[in-house]
file start-v6.tsv (TSV, C-alpha atoms and all ligand atoms)
chain	number	residue	atom	x	y	z
N	1228	MET	CA	7.45	15.29	-0.40
N	1229	PRO	CA	5.38	17.27	2.16
N	1230	LEU	CA	2.76	15.53	4.32
N	1231	VAL	CA	-0.13	14.30	2.20
N	1232	GLY	CA	-3.81	13.60	2.81
N	1233	THR	CA	-5.23	10.11	2.51
N	1234	THR	CA	-7.44	10.45	-0.60
N	1235	GLU	CA	-4.86	9.23	-3.09
N	1236	MET	CA	-3.47	6.44	-0.90
N	1237	PHE	CA	-6.98	5.15	-0.08
N	1238	LYS	CA	-8.01	5.12	-3.74
N	1239	LYS	CA	-4.98	3.05	-4.69
N	1240	ALA	CA	-5.52	0.78	-1.69
N	1241	TYR	CA	-9.20	0.26	-2.49
N	1242	ASP	CA	-8.49	-0.59	-6.12
N	1243	GLY	CA	-5.51	-2.79	-5.18
N	1244	HIS	CA	-7.35	-4.68	-2.40
N	1245	TYR	CA	-4.96	-3.74	0.35
N	1246	ALA	CA	-5.03	-1.20	3.20
N	1247	ILE	CA	-2.79	1.47	4.69
N	1248	GLY	CA	-1.39	0.97	8.18
N	1249	ALA	CA	-2.15	3.75	10.64
N	1250	PHE	CA	0.30	3.57	13.51
N	1251	ASN	CA	0.04	5.58	16.74
N	1252	VAL	CA	2.97	7.86	17.53
N	1253	ASN	CA	3.96	9.33	20.90
N	1254	ASN	CA	7.69	10.04	20.71
N	1255	MET	CA	10.74	10.24	18.47
N	1256	GLU	CA	11.71	6.57	18.63
N	1257	ILE	CA	8.27	5.43	17.51
N	1258	ILE	CA	8.24	7.88	14.59
N	1259	GLN	CA	11.73	6.85	13.53
N	1260	GLY	CA	10.92	3.12	13.77
N	1261	ILE	CA	7.75	3.45	11.69
N	1262	MET	CA	9.36	5.59	8.99
N	1263	ALA	CA	12.35	3.25	8.67
N	1264	ALA	CA	9.92	0.34	8.22
N	1265	ALA	CA	7.87	2.21	5.61
N	1266	LYS	CA	11.05	2.92	3.64
N	1267	GLU	CA	12.26	-0.66	3.89
N	1268	LYS	CA	8.89	-1.91	2.62
N	1269	GLN	CA	8.34	0.96	0.16
N	1270	SER	CA	4.90	1.61	1.63
N	1271	PRO	CA	2.78	4.70	2.25
N	1272	VAL	CA	2.02	5.24	5.92
N	1273	ILE	CA	-0.32	7.10	8.26
N	1274	LEU	CA	1.19	8.44	11.48
N	1275	GLN	CA	-1.59	9.11	13.94
N	1276	ALA	CA	-1.56	11.05	17.19
N	1277	SER	CA	-4.30	10.66	19.78
N	1278	GLU	CA	-5.38	13.33	22.24
N	1279	GLY	CA	-3.29	11.40	24.78
N	1280	ALA	CA	-0.26	11.68	22.49
N	1281	ARG	CA	-0.84	15.43	22.16
N	1282	ASN	CA	-1.04	15.74	25.94
N	1283	TYR	CA	2.07	13.61	26.45
N	1284	ALA	CA	4.43	15.03	23.83
N	1285	GLY	CA	2.81	18.31	22.86
N	1286	GLN	CA	1.26	18.82	19.44
N	1287	GLU	CA	4.14	21.00	18.18
N	1288	TYR	CA	6.72	18.38	19.11
N	1289	ILE	CA	4.82	15.69	17.22
N	1290	VAL	CA	4.38	17.86	14.12
N	1291	GLY	CA	8.02	19.02	14.34
N	1292	LEU	CA	9.43	15.50	14.70
N	1293	ILE	CA	7.40	14.26	11.75
N	1294	LYS	CA	8.41	17.18	9.54
N	1295	ILE	CA	12.05	16.37	10.26
N	1296	ALA	CA	11.45	12.66	9.59
N	1297	LEU	CA	10.05	13.60	6.18
N	1298	GLN	CA	13.38	15.19	5.28
N	1299	ASP	CA	14.91	11.72	5.70
N	1300	TYR	CA	12.10	9.94	3.85
N	1301	PRO	CA	10.91	12.33	1.13
N	1302	GLU	CA	9.77	9.48	-1.12
N	1303	ILE	CA	7.34	7.93	1.41
N	1304	PRO	CA	3.75	9.23	1.12
N	1305	THR	CA	3.04	10.11	4.76
N	1306	ALA	CA	-0.17	11.45	6.32
N	1307	LEU	CA	-0.41	12.98	9.78
N	1308	HIS	CA	-3.76	12.11	11.32
N	1309	LEU	CA	-5.57	13.00	14.56
N	1310	ASP	CA	-6.82	9.77	16.16
N	1311	HIS	CA	-10.16	9.93	18.03
N	1312	GLY	CA	-10.66	13.70	18.16
N	1313	SER	CA	-13.43	14.23	20.68
N	1314	SER	CA	-14.49	17.78	19.79
N	1315	PHE	CA	-14.63	20.30	16.96
N	1316	GLU	CA	-12.05	22.41	18.83
N	1317	ILE	CA	-9.42	19.65	18.97
N	1318	CYS	CA	-9.94	18.83	15.30
N	1319	LYS	CA	-9.57	22.54	14.49
N	1320	ALA	CA	-6.35	22.83	16.54
N	1321	CYS	CA	-4.83	19.91	14.60
N	1322	ILE	CA	-5.98	21.22	11.22
N	1323	ASP	CA	-4.51	24.64	12.05
N	1324	GLY	CA	-1.34	22.95	13.34
N	1325	GLY	CA	-0.47	21.09	10.13
N	1326	PHE	CA	-2.28	17.72	10.34
N	1327	THR	CA	-3.42	16.50	6.92
N	1328	SER	CA	-6.23	14.29	8.25
N	1329	VAL	CA	-8.42	14.32	11.36
N	1330	MET	CA	-10.81	11.89	12.96
N	1331	TYR	CA	-13.85	13.27	14.67
N	1332	ASP	CA	-15.13	10.46	16.88
N	1333	GLY	CA	-18.76	11.15	17.72
N	1334	SER	CA	-19.61	7.48	18.19
N	1335	LYS	CA	-20.68	8.04	21.79
N	1336	HIS	CA	-23.30	10.59	20.71
N	1337	SER	CA	-26.73	10.04	19.20
N	1338	PHE	CA	-26.82	9.62	15.40
N	1339	GLU	CA	-28.15	13.19	15.01
N	1340	GLU	CA	-25.52	14.77	17.27
N	1341	ASN	CA	-22.74	12.76	15.61
N	1342	VAL	CA	-23.97	13.98	12.19
N	1343	ARG	CA	-24.19	17.59	13.40
N	1344	ILE	CA	-20.63	17.84	14.78
N	1345	THR	CA	-19.07	15.71	12.02
N	1346	LYS	CA	-20.57	18.10	9.46
N	1347	GLU	CA	-19.01	21.09	11.23
N	1348	VAL	CA	-15.60	19.39	11.25
N	1349	VAL	CA	-15.93	18.41	7.58
N	1350	ALA	CA	-16.80	21.99	6.57
N	1351	TYR	CA	-13.79	23.44	8.42
N	1352	ALA	CA	-11.39	20.69	7.32
N	1353	HIS	CA	-12.35	20.64	3.64
N	1354	ASP	CA	-11.97	24.40	3.46
N	1355	LYS	CA	-8.31	23.86	4.47
N	1356	GLY	CA	-7.74	20.82	2.24
N	1357	VAL	CA	-7.80	18.36	5.16
N	1358	VAL	CA	-9.70	15.04	5.08
N	1359	VAL	CA	-12.01	13.75	7.81
N	1360	GLU	CA	-12.57	10.27	9.25
N	1361	ALA	CA	-15.74	9.77	11.29
N	1362	GLU	CA	-17.03	6.85	13.36
N	1363	LEU	CA	-20.39	5.17	13.65
N	1364	GLY	CA	-21.16	2.21	15.92
N	1365	ARG	CA	-19.56	1.06	19.14
N	1366	LEU	CA	-16.29	-0.84	19.31
N	1367	ALA	CA	-17.15	-3.65	21.69
N	1368	GLY	CA	-14.75	-4.13	24.58
N	1369	VAL	CA	-14.17	-7.46	26.28
N	1370	GLU	CA	-16.84	-6.59	28.82
N	1371	ASP	CA	-19.46	-6.09	26.11
N	1372	LEU	CA	-20.69	-9.60	25.58
N	1373	VAL	CA	-21.30	-9.59	21.85
N	1374	SER	CA	-23.76	-12.32	20.97
N	1375	VAL	CA	-26.16	-12.83	18.09
N	1376	ASP	CA	-28.76	-10.93	20.15
N	1377	THR	CA	-26.62	-7.93	21.05
N	1378	LYS	CA	-24.48	-7.39	17.98
N	1379	ASP	CA	-27.16	-5.50	16.06
N	1380	ALA	CA	-27.26	-2.97	18.90
N	1381	ILE	CA	-23.48	-2.58	19.07
N	1382	PHE	CA	-22.14	-3.05	15.55
N	1383	THR	CA	-22.58	-0.45	12.80
N	1384	ASP	CA	-25.86	-0.62	10.91
N	1385	PRO	CA	-24.96	-0.62	7.16
N	1386	ASP	CA	-27.98	1.48	6.11
N	1387	GLN	CA	-27.19	4.05	8.80
N	1388	ALA	CA	-23.55	4.09	7.66
N	1389	ALA	CA	-24.60	4.98	4.11
N	1390	GLU	CA	-26.98	7.66	5.39
N	1391	PHE	CA	-24.28	9.05	7.70
N	1392	VAL	CA	-21.75	9.43	4.87
N	1393	GLU	CA	-24.38	11.05	2.65
N	1394	LEU	CA	-25.39	13.52	5.38
N	1395	THR	CA	-21.90	14.46	6.60
N	1396	GLY	CA	-19.63	14.23	3.55
N	1397	CYS	CA	-16.93	12.55	5.68
N	1398	ASP	CA	-14.04	11.11	3.66
N	1399	SER	CA	-13.77	7.76	5.44
N	1400	LEU	CA	-15.78	5.94	8.08
N	1401	ALA	CA	-14.71	3.77	11.02
N	1402	ILE	CA	-17.21	1.00	11.66
N	1403	ALA	CA	-17.73	-1.57	14.39
N	1404	ILE	CA	-17.66	-5.20	13.18
N	1405	GLY	CA	-16.03	-6.94	16.13
N	1406	THR	CA	-12.70	-5.26	16.82
N	1407	SER	CA	-12.02	-3.32	20.01
N	1408	HIS	CA	-9.19	-1.26	21.49
N	1409	GLY	CA	-6.40	-2.55	23.70
N	1410	ALA	CA	-4.91	-5.93	24.53
N	1411	TYR	CA	-8.05	-7.69	25.79
N	1412	LYS	CA	-10.34	-7.94	22.80
N	1413	TYR	CA	-12.07	-11.28	23.18
N	1414	SER	CA	-12.92	-13.50	26.09
N	1415	GLY	CA	-14.03	-16.20	23.63
N	1416	GLU	CA	-13.19	-16.84	19.98
N	1417	PRO	CA	-12.13	-13.88	17.80
N	1418	TYR	CA	-14.95	-12.76	15.53
N	1419	LEU	CA	-15.34	-10.26	12.69
N	1420	ASP	CA	-18.69	-9.65	11.00
N	1421	TYR	CA	-17.63	-9.89	7.33
N	1422	GLU	CA	-21.26	-9.98	6.16
N	1423	ARG	CA	-21.80	-6.58	7.71
N	1424	LEU	CA	-18.60	-5.26	6.13
N	1425	GLU	CA	-19.70	-6.64	2.77
N	1426	LYS	CA	-23.08	-4.91	3.09
N	1427	VAL	CA	-21.41	-1.59	3.97
N	1428	GLY	CA	-19.15	-2.03	0.94
N	1429	GLN	CA	-22.16	-2.58	-1.32
N	1430	LEU	CA	-24.04	0.45	-0.02
N	1431	LEU	CA	-20.93	2.65	-0.18
N	1432	PRO	CA	-19.11	1.62	-3.35
N	1433	ASP	CA	-15.51	2.87	-3.75
N	1434	TYR	CA	-15.64	4.27	-0.23
N	1435	PRO	CA	-12.79	3.75	2.29
N	1436	ILE	CA	-13.74	1.98	5.51
N	1437	VAL	CA	-11.54	2.15	8.62
N	1438	LEU	CA	-10.89	-0.58	11.16
N	1439	HIS	CA	-9.87	0.51	14.66
N	1440	GLY	CA	-8.70	-1.86	17.37
N	1441	ALA	CA	-6.79	-3.99	14.88
N	1442	SER	CA	-3.90	-5.27	16.96
N	1443	THR	CA	-3.24	-8.99	17.05
N	1444	VAL	CA	-1.56	-9.17	20.48
N	1445	ILE	CA	1.10	-11.54	19.19
N	1446	PRO	CA	1.82	-14.12	21.96
N	1447	GLU	CA	5.61	-13.93	21.46
N	1448	PHE	CA	5.63	-10.30	22.65
N	1449	VAL	CA	3.24	-10.84	25.55
N	1450	GLU	CA	5.40	-13.77	26.68
N	1451	LYS	CA	8.58	-11.69	26.41
N	1452	CYS	CA	7.01	-8.93	28.53
N	1453	ASN	CA	6.07	-11.50	31.15
N	1454	GLN	CA	9.42	-13.36	30.97
N	1455	PHE	CA	11.21	-10.14	31.95
N	1456	GLY	CA	9.03	-9.11	34.84
N	1457	GLY	CA	5.80	-7.96	33.18
N	1458	LYS	CA	2.28	-9.03	34.07
N	1459	VAL	CA	0.15	-9.00	30.92
N	1460	LEU	CA	-2.36	-11.77	31.51
N	1461	GLY	CA	-5.23	-13.08	29.39
N	1462	ALA	CA	-4.52	-10.76	26.46
N	1463	LYS	CA	-6.01	-11.65	23.07
N	1464	GLY	CA	-6.29	-9.79	19.74
N	1465	VAL	CA	-7.55	-10.21	16.20
N	1466	PRO	CA	-5.71	-12.89	14.19
N	1467	GLU	CA	-3.69	-11.33	11.38
N	1468	GLU	CA	-5.28	-13.38	8.61
N	1469	MET	CA	-8.72	-12.11	9.67
N	1470	LEU	CA	-7.51	-8.52	9.30
N	1471	ARG	CA	-5.85	-9.29	5.97
N	1472	LYS	CA	-9.21	-10.57	4.72
N	1473	ALA	CA	-10.89	-7.27	5.75
N	1474	ALA	CA	-8.11	-5.33	3.98
N	1475	ARG	CA	-8.99	-7.19	0.76
N	1476	MET	CA	-12.56	-5.93	1.15
N	1477	ALA	CA	-13.57	-2.26	1.67
N	1478	VAL	CA	-11.19	-1.62	4.60
N	1479	CYS	CA	-8.52	0.89	3.51
N	1480	LYS	CA	-7.10	1.96	6.89
N	1481	ILE	CA	-6.08	-0.37	9.71
N	1482	ASN	CA	-5.23	1.14	13.11
N	1483	ILE	CA	-2.49	-0.47	15.17
N	1484	ASP	CA	-1.19	0.78	18.51
N	1485	THR	CA	-1.24	-2.05	21.06
N	1486	ASP	CA	1.10	-4.32	19.07
N	1487	ILE	CA	3.68	-1.52	18.91
N	1488	ARG	CA	3.32	-0.90	22.65
N	1489	LEU	CA	3.88	-4.60	23.38
N	1490	ALA	CA	6.91	-4.83	21.07
N	1491	MET	CA	8.53	-1.75	22.61
N	1492	THR	CA	7.84	-2.81	26.18
N	1493	ALA	CA	9.16	-6.33	25.57
N	1494	ALA	CA	12.38	-4.90	24.09
N	1495	ILE	CA	12.87	-2.40	26.93
N	1496	ARG	CA	12.17	-5.01	29.62
N	1497	GLU	CA	14.59	-7.47	28.02
N	1498	SER	CA	17.31	-4.85	27.66
N	1499	ILE	CA	17.00	-3.62	31.24
N	1500	PHE	CA	16.89	-7.17	32.60
N	1501	LYS	CA	19.94	-8.32	30.60
N	1502	ASN	CA	22.00	-5.17	31.23
N	1503	PRO	CA	21.40	-4.33	34.89
N	1504	GLU	CA	24.47	-2.09	35.04
N	1505	ASN	CA	23.18	0.19	32.24
N	1506	PHE	CA	21.50	3.47	33.09
N	1507	ASP	CA	21.89	5.21	29.73
N	1508	PRO	CA	18.37	5.50	28.23
N	1509	ARG	CA	19.84	5.03	24.77
N	1510	GLY	CA	20.81	1.51	25.84
N	1511	TYR	CA	17.15	0.41	25.99
N	1512	LEU	CA	15.53	2.94	23.63
N	1513	LYS	CA	17.65	1.77	20.71
N	1514	PRO	CA	16.33	-1.83	20.86
N	1515	ALA	CA	12.85	-0.38	21.46
N	1516	ARG	CA	13.08	1.66	18.24
N	1517	GLU	CA	14.31	-1.41	16.38
N	1518	ALA	CA	11.38	-3.41	17.79
N	1519	VAL	CA	8.97	-0.80	16.37
N	1520	ARG	CA	10.65	-1.04	12.98
N	1521	GLN	CA	10.40	-4.85	12.94
N	1522	MET	CA	6.78	-4.83	14.07
N	1523	VAL	CA	5.69	-2.26	11.47
N	1524	MET	CA	7.52	-4.14	8.69
N	1525	HIS	CA	5.71	-7.28	9.78
N	1526	LYS	CA	2.31	-5.50	9.77
N	1527	ILE	CA	2.89	-4.05	6.32
N	1528	GLU	CA	3.51	-7.56	4.98
N	1529	ALA	CA	1.14	-9.71	7.03
N	1530	VAL	CA	-1.83	-7.44	7.69
N	1531	VAL	CA	-2.21	-4.39	5.46
N	1532	GLY	CA	-0.48	-5.67	2.32
N	1533	SER	CA	0.89	-2.27	1.24
N	1534	ALA	CA	4.52	-3.23	0.53
N	1535	ASN	CA	5.94	-1.98	-2.78
N	1536	THR	CA	2.93	0.20	-3.63
N	1537	ILE	CA	4.69	3.57	-3.84
N	1601	LIG	O1	-7.41	4.11	20.14
N	1601	LIG	C1	-6.62	4.57	20.95
N	1601	LIG	C2	-5.17	4.52	20.68
N	1601	LIG	O2	-4.64	3.25	21.00
N	1601	LIG	C3	-4.47	5.64	21.39
N	1601	LIG	O3	-4.46	5.41	22.74
N	1601	LIG	O4	-5.44	7.44	23.79
N	1601	LIG	O5	-3.86	5.95	25.07
N	1601	LIG	O6	-3.03	7.41	23.20
N	1601	LIG	P1	-4.19	6.63	23.77
N	1602	LIG	P1	-5.31	-1.37	19.04
N	1602	LIG	O1	-5.49	-1.06	20.50
N	1602	LIG	O2	-5.97	-2.66	18.67
N	1602	LIG	O3	-3.91	-1.31	18.60
N	1602	LIG	O4	-6.13	-0.22	18.23
N	1602	LIG	C1	-5.55	1.03	18.01
N	1602	LIG	C2	-6.54	2.02	17.49
N	1602	LIG	O5	-7.63	1.72	17.06
N	1602	LIG	C3	-6.11	3.44	17.47
N	1602	LIG	O6	-7.15	4.28	17.07
N	1603	ZN	ZN	-9.09	3.67	17.62
call {"tool": "encode", "arguments": {"input": "start-v6.tsv", "output": "structure tokens"}}
result
Amino acid sequence: MPLVGTTEMFKKAYDGHYAIGAFNVNNMEIIQGIMAAAKEKQSPVILQASEGARNYAGQEYIVGLIKIALQDYPEIPTALHLDHGSSFEICKACIDGGFTSVMYDGSKHSFEENVRITKEVVAYAHDKGVVVEAELGRLAGVEDLVSVDTKDAIFTDPDQAAEFVELTGCDSLAIAIGTSHGAYKYSGEPYLDYERLEKVGQLLPDYPIVLHGASTVIPEFVEKCNQFGGKVLGAKGVPEEMLRKAARMAVCKINIDTDIRLAMTAAIRESIFKNPENFDPRGYLKPAREAVRQMVMHKIEAVVGSANTI
């Protein structure tokens, strides 16, 4: 099967009250680990490349590696998605380069400017059969003290979300309800605004919502990093059962990068520490690839709920 868009997989996910995992890819081992997990769990999957990934590996390498992976896994519905595209030009380059889905992230702009550029991306993408994810609202970082007073200013306004989708024609929308990127998501108790998500779901029926910043920062992996010489202190993520609840609602795409980074780094650190005489990169990249596979299998079961849906 060639790369697919996300329309079909989101529709099935919405109706089945689960989500699709969108995992960030930067190199061959990550792609191989994710695809092996998707096969094991018989799950559709979204492989997403950020601008940073394009700069690191090169867009052609990423597309090439994924096309070769598809030869090994022809039965797995797989989308290739641009994560956080910051301009029309980058979205265009990915669309022209074979991506089946792009995100235009105009969340830092005014509502009007975000609408204007998202519309341009949608027009170009739809003409080529590519779907578009957009973003509205600000993902609060640990420094953004989200309280009852400030959350209305930071989180996505449901009425604006409905208006934004109507005006732009975007195919899915990332909203801010309490998640944030990276390993340091909360200084206090984890919090997701389900009421807000519910309201968005009511105003946009049958419409796929996207959750960014959805890593859990599983203590076992942080501890392993630190046990073998790392220094990852005070990290905290979103508990998996909270994400699973969102996936039963209107959330159809759940973005996970940090948990894969932690799993890989823990495996590499452990391998290097326990085999000091080894200097063959395959010696530590093999356990790293296996750690990706295990982590993605775990996410498919515990968070997104997409196992056995092919
Ligand atoms: O949301 C961002 C993703 O985790 C990708 O991160 O820009 O460092 O590749 P990156
Ligand atoms: P995490 O940093 O929580 O893994 O989020 C990843 C993400 O949202 C990629 O777009
Ligand atoms: Zn993101």
call {"tool": "closest_residue", "arguments": {"input": "start-v6.tsv", "among": "N:Pro1271, N:Pro1508, N:Pro1301, N:Gly1291", "to": "Lys1239 of chain N", "atoms": "all atoms listed in the file"}}
result
N:Pro1271
call {"tool": "atom_distance", "arguments": {"input": "start-v6.tsv", "atom1": "atom CA of Thr1485 of chain N", "atom2": "atom CA of Ala1249 of chain N"}}
result
12.0 Å
call {"tool": "residues_around", "arguments": {"input": "start-v6.tsv", "residues": "segment 1422-1434 of chain N", "least_positions_apart": "4", "cutoff": "9 Å", "atoms": "all atoms listed in the file", "output": "ChimeraX atom specification"}}
result
/N:1237-1238,1241-1242,1382-1386,1388-1389,1392,1398-1400,1402,1404,1473,1476-1479
call {"tool": "residues_around", "arguments": {"input": "start-v6.tsv", "residues": "segment 1357-1363 of chain N", "least_positions_apart": "3", "cutoff": "7 Å", "atoms": "all atoms listed in the file", "output": "list in words"}}
result
Gly1232, Ile1322, Thr1327, Ser1328, Val1329, Met1330, Tyr1331, Asp1332, Gly1333, Ser1334, Thr1345, Val1349, Ala1352, His1353, Thr1383, Ala1388, Cys1397, Asp1398, Ser1399, Leu1400, Ala1401 and Ile1402 of chain N
call {"tool": "residues_around", "arguments": {"input": "start-v6.tsv", "residues": "Asp1486 of chain N", "least_positions_apart": "2", "cutoff": "8 Å", "atoms": "all atoms listed in the file", "output": "JSON, numbers by chain"}}
result
{"N": [1442, 1443, 1444, 1445, 1483, 1484, 1488, 1489, 1490, 1522]}
call {"tool": "closest_atom_pairs", "arguments": {"input": "start-v6.tsv", "of": "chain N", "to": "ligand LIG 1601 (chain N)", "cutoff": "10 Å", "atoms": "only C-alpha atoms and all ligand atoms", "output": "CSV"}}
result
residue,atom,partner,partner_atom,distance
N:Phe1250,CA,N:LIG1601,O2,9.0
N:Asn1251,CA,N:LIG1601,C3,6.5
N:Val1252,CA,N:LIG1601,O6,8.3
N:Asn1253,CA,N:LIG1601,O6,7.6
N:Gln1275,CA,N:LIG1601,C3,8.7
N:Ala1276,CA,N:LIG1601,O6,7.2
N:Ser1277,CA,N:LIG1601,O6,4.9
N:Glu1278,CA,N:LIG1601,O4,6.1
N:Gly1279,CA,N:LIG1601,O6,4.3
N:Ala1280,CA,N:LIG1601,O6,5.1
N:Arg1281,CA,N:LIG1601,O6,8.4
N:Asn1282,CA,N:LIG1601,O6,9.0
N:Tyr1283,CA,N:LIG1601,O6,8.7
N:Asp1310,CA,N:LIG1601,O1,6.9
N:His1311,CA,N:LIG1601,O1,6.8
N:Gly1312,CA,N:LIG1601,O4,9.9
N:Ser1407,CA,N:LIG1601,O1,8.7
N:His1408,CA,N:LIG1601,O1,5.8
N:Gly1409,CA,N:LIG1601,O2,6.6
N:Ala1410,CA,N:LIG1601,O2,9.8
N:His1439,CA,N:LIG1601,O1,7.0
N:Gly1440,CA,N:LIG1601,O1,6.7
N:Ala1441,CA,N:LIG1601,O1,9.7
N:Ser1442,CA,N:LIG1601,O2,9.5
N:Asn1482,CA,N:LIG1601,O1,7.9
N:Ile1483,CA,N:LIG1601,O2,7.2
N:Asp1484,CA,N:LIG1601,O2,4.9
N:Thr1485,CA,N:LIG1601,O2,6.3
N:Asp1486,CA,N:LIG1601,O2,9.7
N:Ile1487,CA,N:LIG1601,O2,9.8
N:Arg1488,CA,N:LIG1601,O2,9.1
call {"tool": "atom_distance", "arguments": {"input": "start-v6.tsv", "atom1": "atom CA of Pro1446 of chain N", "atom2": "atom CA of Tyr1411 of chain N"}}
result
12.4 Å
call {"tool": "closest_residue", "arguments": {"input": "start-v6.tsv", "among": "N:Glu1467, N:Asp1379, N:Asp1323, N:Glu1393", "to": "ligand LIG 1602 (chain N)", "atoms": "all atoms listed in the file"}}
result
N:Glu1467
call {"tool": "closest_residue", "arguments": {"input": "start-v6.tsv", "among": "N:Val1348, N:Val1531, N:Leu1470, N:Ile1258", "to": "Tyr1300 of chain N", "atoms": "all atoms listed in the file"}}
result
N:Ile1258
call {"tool": "axis_aligned_box", "arguments": {"input": "start-v6.tsv", "around": "segment 1260-1271 of chain N", "padding_each_side": "4 Å", "output": "AutoDock Vina command-line options"}}
result
--center_x 7.6 --center_y 1.8 --center_z 7.0 --size_x 17.6 --size_y 15.5 --size_z 21.6
call {"tool": "atom_distance", "arguments": {"input": "start-v6.tsv", "atom1": "atom CA of Cys1452 of chain N", "atom2": "atom CA of Pro1514 of chain N"}}
result
14.0 Å
call {"tool": "closest_residue", "arguments": {"input": "start-v6.tsv", "among": "N:Arg1475, N:Lys1319, N:Arg1496, N:Lys1480", "to": "ligand ZN 1603 (chain N)", "atoms": "only C-alpha atoms and all ligand atoms"}}
result
N:Lys1480
call {"tool": "closest_residue", "arguments": {"input": "start-v6.tsv", "among": "N:Ser1498, N:Ala1240, N:Val1290, N:Thr1406", "to": "Ser1270 of chain N", "atoms": "all atoms listed in the file"}}
result
N:Ala1240
call {"tool": "closest_residue", "arguments": {"input": "start-v6.tsv", "among": "N:Arg1509, N:Lys1451, N:Lys1458, N:His1308", "to": "ligand ZN 1603 (chain N)", "atoms": "only C-alpha atoms and all ligand atoms"}}
result
N:His1308
call {"tool": "residues_around", "arguments": {"input": "start-v6.tsv", "residues": "Glu1302 of chain N", "least_positions_apart": "4", "cutoff": "12 Å", "atoms": "all atoms listed in the file", "output": "list in words"}}
result
Met1228, Pro1229, Leu1230, Val1231, Met1262, Ala1263, Ala1265, Lys1266, Glu1267, Gln1269, Ser1270, Pro1271, Val1272, Ala1296, Leu1297, Gln1298, Thr1536 and Ile1537 of chain N
call {"tool": "write_last_selection", "arguments": {"input": "start-v6.tsv", "atoms": "C-alpha atoms", "output": "PDB file, in the coordinates of the input"}}
result
ATOM      1  CA  MET N1228       7.450  15.290  -0.400  1.00  0.00           C
ATOM      2  CA  PRO N1229       5.380  17.270   2.160  1.00  0.00           C
ATOM      3  CA  LEU N1230       2.760  15.530   4.320  1.00  0.00           C
ATOM      4  CA  VAL N1231      -0.130  14.300   2.200  1.00  0.00           C
ATOM      5  CA  MET N1262       9.360   5.590   8.990  1.00  0.00           C
ATOM      6  CA  ALA N1263      12.350   3.250   8.670  1.00  0.00           C
ATOM      7  CA  ALA N1265       7.870   2.210   5.610  1.00  0.00           C
ATOM      8  CA  LYS N1266      11.050   2.920   3.640  1.00  0.00           C
ATOM      9  CA  GLU N1267      12.260  -0.660   3.890  1.00  0.00           C
ATOM     10  CA  GLN N1269       8.340   0.960   0.160  1.00  0.00           C
ATOM     11  CA  SER N1270       4.900   1.610   1.630  1.00  0.00           C
ATOM     12  CA  PRO N1271       2.780   4.700   2.250  1.00  0.00           C
ATOM     13  CA  VAL N1272       2.020   5.240   5.920  1.00  0.00           C
ATOM     14  CA  ALA N1296      11.450  12.660   9.590  1.00  0.00           C
ATOM     15  CA  LEU N1297      10.050  13.600   6.180  1.00  0.00           C
ATOM     16  CA  GLN N1298      13.380  15.190   5.280  1.00  0.00           C
ATOM     17  CA  THR N1536       2.930   0.200  -3.630  1.00  0.00           C
ATOM     18  CA  ILE N1537       4.690   3.570  -3.840  1.00  0.00           C
TER      19      ILE N1537
END
call {"tool": "residues_around", "arguments": {"input": "start-v6.tsv", "residues": "Asn1453 of chain N", "least_positions_apart": "6", "cutoff": "12 Å", "atoms": "only C-alpha atoms", "output": "PyMOL selection string"}}
result
chain N and resi 1446-1447+1459-1462+1489+1492-1494+1496-1497+1500
call {"tool": "residues_near_point", "arguments": {"input": "start-v6.tsv", "point": "(-15.1, 25.7, 18.6)", "cutoff": "12 Å", "atoms": "all atoms listed in the file", "output": "list in words"}}
result
Ser1313, Ser1314, Phe1315, Glu1316, Ile1317, Cys1318, Lys1319, Ala1320, Ile1344, Glu1347, Val1348 and Tyr1351 of chain N
